[in-house]
2 protein chains.
Amino acid sequence: MHIVHVSIHLKKDYIDAFLAATSENAINSLKHEPGVVRFDFLQETEDPTHFVLVEIYRTPEDSIRHKETDHYKKWRVLAEPMMQELRSRKIYKSIIPPDLAY
Amino acid sequence: MHIVHVSIHLKKDYIDAFLAATSENAINSLKHEPGVVRFDFLQETEDPTHFVLVEIYRTPEDSIRHKETDHYKKWRVLAEPMMQELRSRKIYKSIIPPDLAY
């Protein structure tokens with residue numbers, strides 16, 4: 001699995017708009033991309049302007065294809081101006097569960 | 001869901017021992033704790049000394065019960081001396097998937 005964690009800090013007052021735009025992107029990614037295994041959208045309890053996307057792709061190529069979809073491009077245009085700073089991104093491999101367990 | 005991300009930076013030369021100890025803790029948590037929904041153990045591809053535990057509990061109380069288990073206590077004694085610095089911990093709620101979808 002190719003696992004991407006994206007950390008996003010929002011400007012104040014954009015939470016509702018960001019929740020709507022990002023939920024739509026997550027749902028479309030799960031529905032239309034066979035390479036997407038999970039697309040969890042999380043909000044930090046102590047800081048509700050901080051969000052994490054936990055994206056699990058079957059292969060690195062699936063994460064590239066995700067960025068070519070219309071729903072991703074729409075999300076980026078809507079969501080980027082809501083961010084306090086550039087989002088950060090880290091890539092992981094899964095130890096537990098092993099890839100075969102997915 | 002009560003979601004905990006634990007970020008851990010290891011001292012050099014402890015990777016193999018940490019992989020063994022943490023895999024055992026993850027497997028035992030999944031096997032013996034009904035309040036544990038997921039316990040993903042991830043290694044960063046760019047920095048193999050950086051790990052994240054993605055722990056998904058049904059309730060906050062389940063995350064407290066986890067720390068009372070023998071497998072957690074054993075892990076903590078083994079793993080803490082391998083860490084470069086104190087591990088950090090953030091708590092999230094799930095927007096997507098909604099709790100009912102778990």
# chains A, B, ... in the order shown; residues from 1 in each chain; ligands from 1

$ closest_atom_pairs --of "chain A" --to "chain B" --cutoff "7 Å" --atoms "only C-alpha atoms" --output "tab-separated table"
residue	atom	partner	partner_atom	distance
A:Ser23	CA	B:Ile96	CA	6.6
A:Asp40	CA	B:Ile96	CA	5.3
A:Phe41	CA	B:Ile96	CA	4.9
A:Leu42	CA	B:Ser94	CA	4.7
A:Gln43	CA	B:Tyr92	CA	5.2
A:Glu44	CA	B:Tyr92	CA	4.2
A:Thr45	CA	B:Tyr92	CA	5.3
A:Ile91	CA	B:Glu44	CA	5.8
A:Tyr92	CA	B:Glu44	CA	4.2
A:Lys93	CA	B:Gln43	CA	5.4
A:Ser94	CA	B:Leu42	CA	4.7
A:Ile95	CA	B:Phe41	CA	5.4
A:Ile96	CA	B:Phe41	CA	4.9
A:Pro97	CA	B:Asp40	CA	6.2

$ residues_around --residues "Ser63 of chain A" --least-positions-apart "3" --cutoff "9 Å" --atoms "only C-alpha atoms" --output "list in words"
His2, Ile3, Val4, Gly35, Val36, Glu55, Ile56, Tyr57, Arg58, Thr59, Pro60, His66 and Lys67 of chain A

$ select_by_dssp --residues "segment 52-97 of chain A" --states "strand (DSSP E)" --output "ChimeraX atom specification"
/A:52-57,88-96

$ residues_around --residues "segment 68-82 of chain A" --least-positions-apart "4" --cutoff "7 Å" --atoms "only C-alpha atoms" --output "MDAnalysis selection string"
chainID A and resid 10:11 14 18 21:22 25 28 64

$ write_last_selection --atoms "N, CA and C atoms" --output "PDB file, in the first residue's frame"
ATOM      1  N   LEU A  10      -6.352  25.367   8.500  1.00  0.00           N
ATOM      2  CA  LEU A  10      -7.265  26.310   7.835  1.00  0.00           C
ATOM      3  C   LEU A  10      -7.171  27.697   8.438  1.00  0.00           C
ATOM      4  N   LYS A  11      -7.480  28.675   7.594  1.00  0.00           N
ATOM      5  CA  LYS A  11      -7.767  30.015   8.109  1.00  0.00           C
ATOM      6  C   LYS A  11      -9.066  29.943   8.909  1.00  0.00           C
ATOM      7  N   TYR A  14     -13.382  29.207   7.843  1.00  0.00           N
ATOM      8  CA  TYR A  14     -13.560  28.409   6.634  1.00  0.00           C
ATOM      9  C   TYR A  14     -13.942  26.963   6.931  1.00  0.00           C
ATOM     10  N   PHE A  18     -14.883  24.123   4.131  1.00  0.00           N
ATOM     11  CA  PHE A  18     -13.861  23.086   3.935  1.00  0.00           C
ATOM     12  C   PHE A  18     -14.437  21.698   4.183  1.00  0.00           C
ATOM     13  N   ALA A  21     -16.455  20.815   0.990  1.00  0.00           N
ATOM     14  CA  ALA A  21     -15.646  20.552  -0.209  1.00  0.00           C
ATOM     15  C   ALA A  21     -14.829  19.264  -0.052  1.00  0.00           C
ATOM     16  N   THR A  22     -14.298  19.035   1.136  1.00  0.00           N
ATOM     17  CA  THR A  22     -13.408  17.886   1.334  1.00  0.00           C
ATOM     18  C   THR A  22     -14.205  16.593   1.482  1.00  0.00           C
ATOM     19  N   ASN A  25     -14.915  15.528  -2.045  1.00  0.00           N
ATOM     20  CA  ASN A  25     -13.722  14.938  -2.660  1.00  0.00           C
ATOM     21  C   ASN A  25     -13.475  13.523  -2.136  1.00  0.00           C
ATOM     22  N   ASN A  28     -16.169  11.097  -3.570  1.00  0.00           N
ATOM     23  CA  ASN A  28     -15.934  10.822  -4.989  1.00  0.00           C
ATOM     24  C   ASN A  28     -14.694   9.965  -5.211  1.00  0.00           C
ATOM     25  N   ILE A  64      -0.990   9.260  -8.160  1.00  0.00           N
ATOM     26  CA  ILE A  64      -0.807  10.228  -9.257  1.00  0.00           C
ATOM     27  C   ILE A  64      -2.119  10.371 -10.030  1.00  0.00           C
TER      28      ILE A  64
END

$ atom_distance --atom1 "atom CA of Pro34 of chain B" --atom2 "atom CA of Arg65 of chain B"
10.4 Å

$ select_by_dssp --residues "segment 17-83 of chain B" --states "alpha helix (DSSP H)" --output "number ranges by chain"
B: 17-32, 60-66, 70-79

$ atom_distance --atom1 "atom CA of Met83 of chain A" --atom2 "atom CA of Ile15 of chain A"
10.1 Å

$ closest_residue --among "B:Asp62, B:Thr49, B:Asp99, B:Arg87" --to "Asp13 of chain B" --atoms "only C-alpha atoms"
B:Thr49

$ closest_residue --among "B:Leu100, B:Arg89, B:Gln84, B:Val37" --to "Lys12 of chain B" --atoms "only C-alpha atoms"
B:Gln84
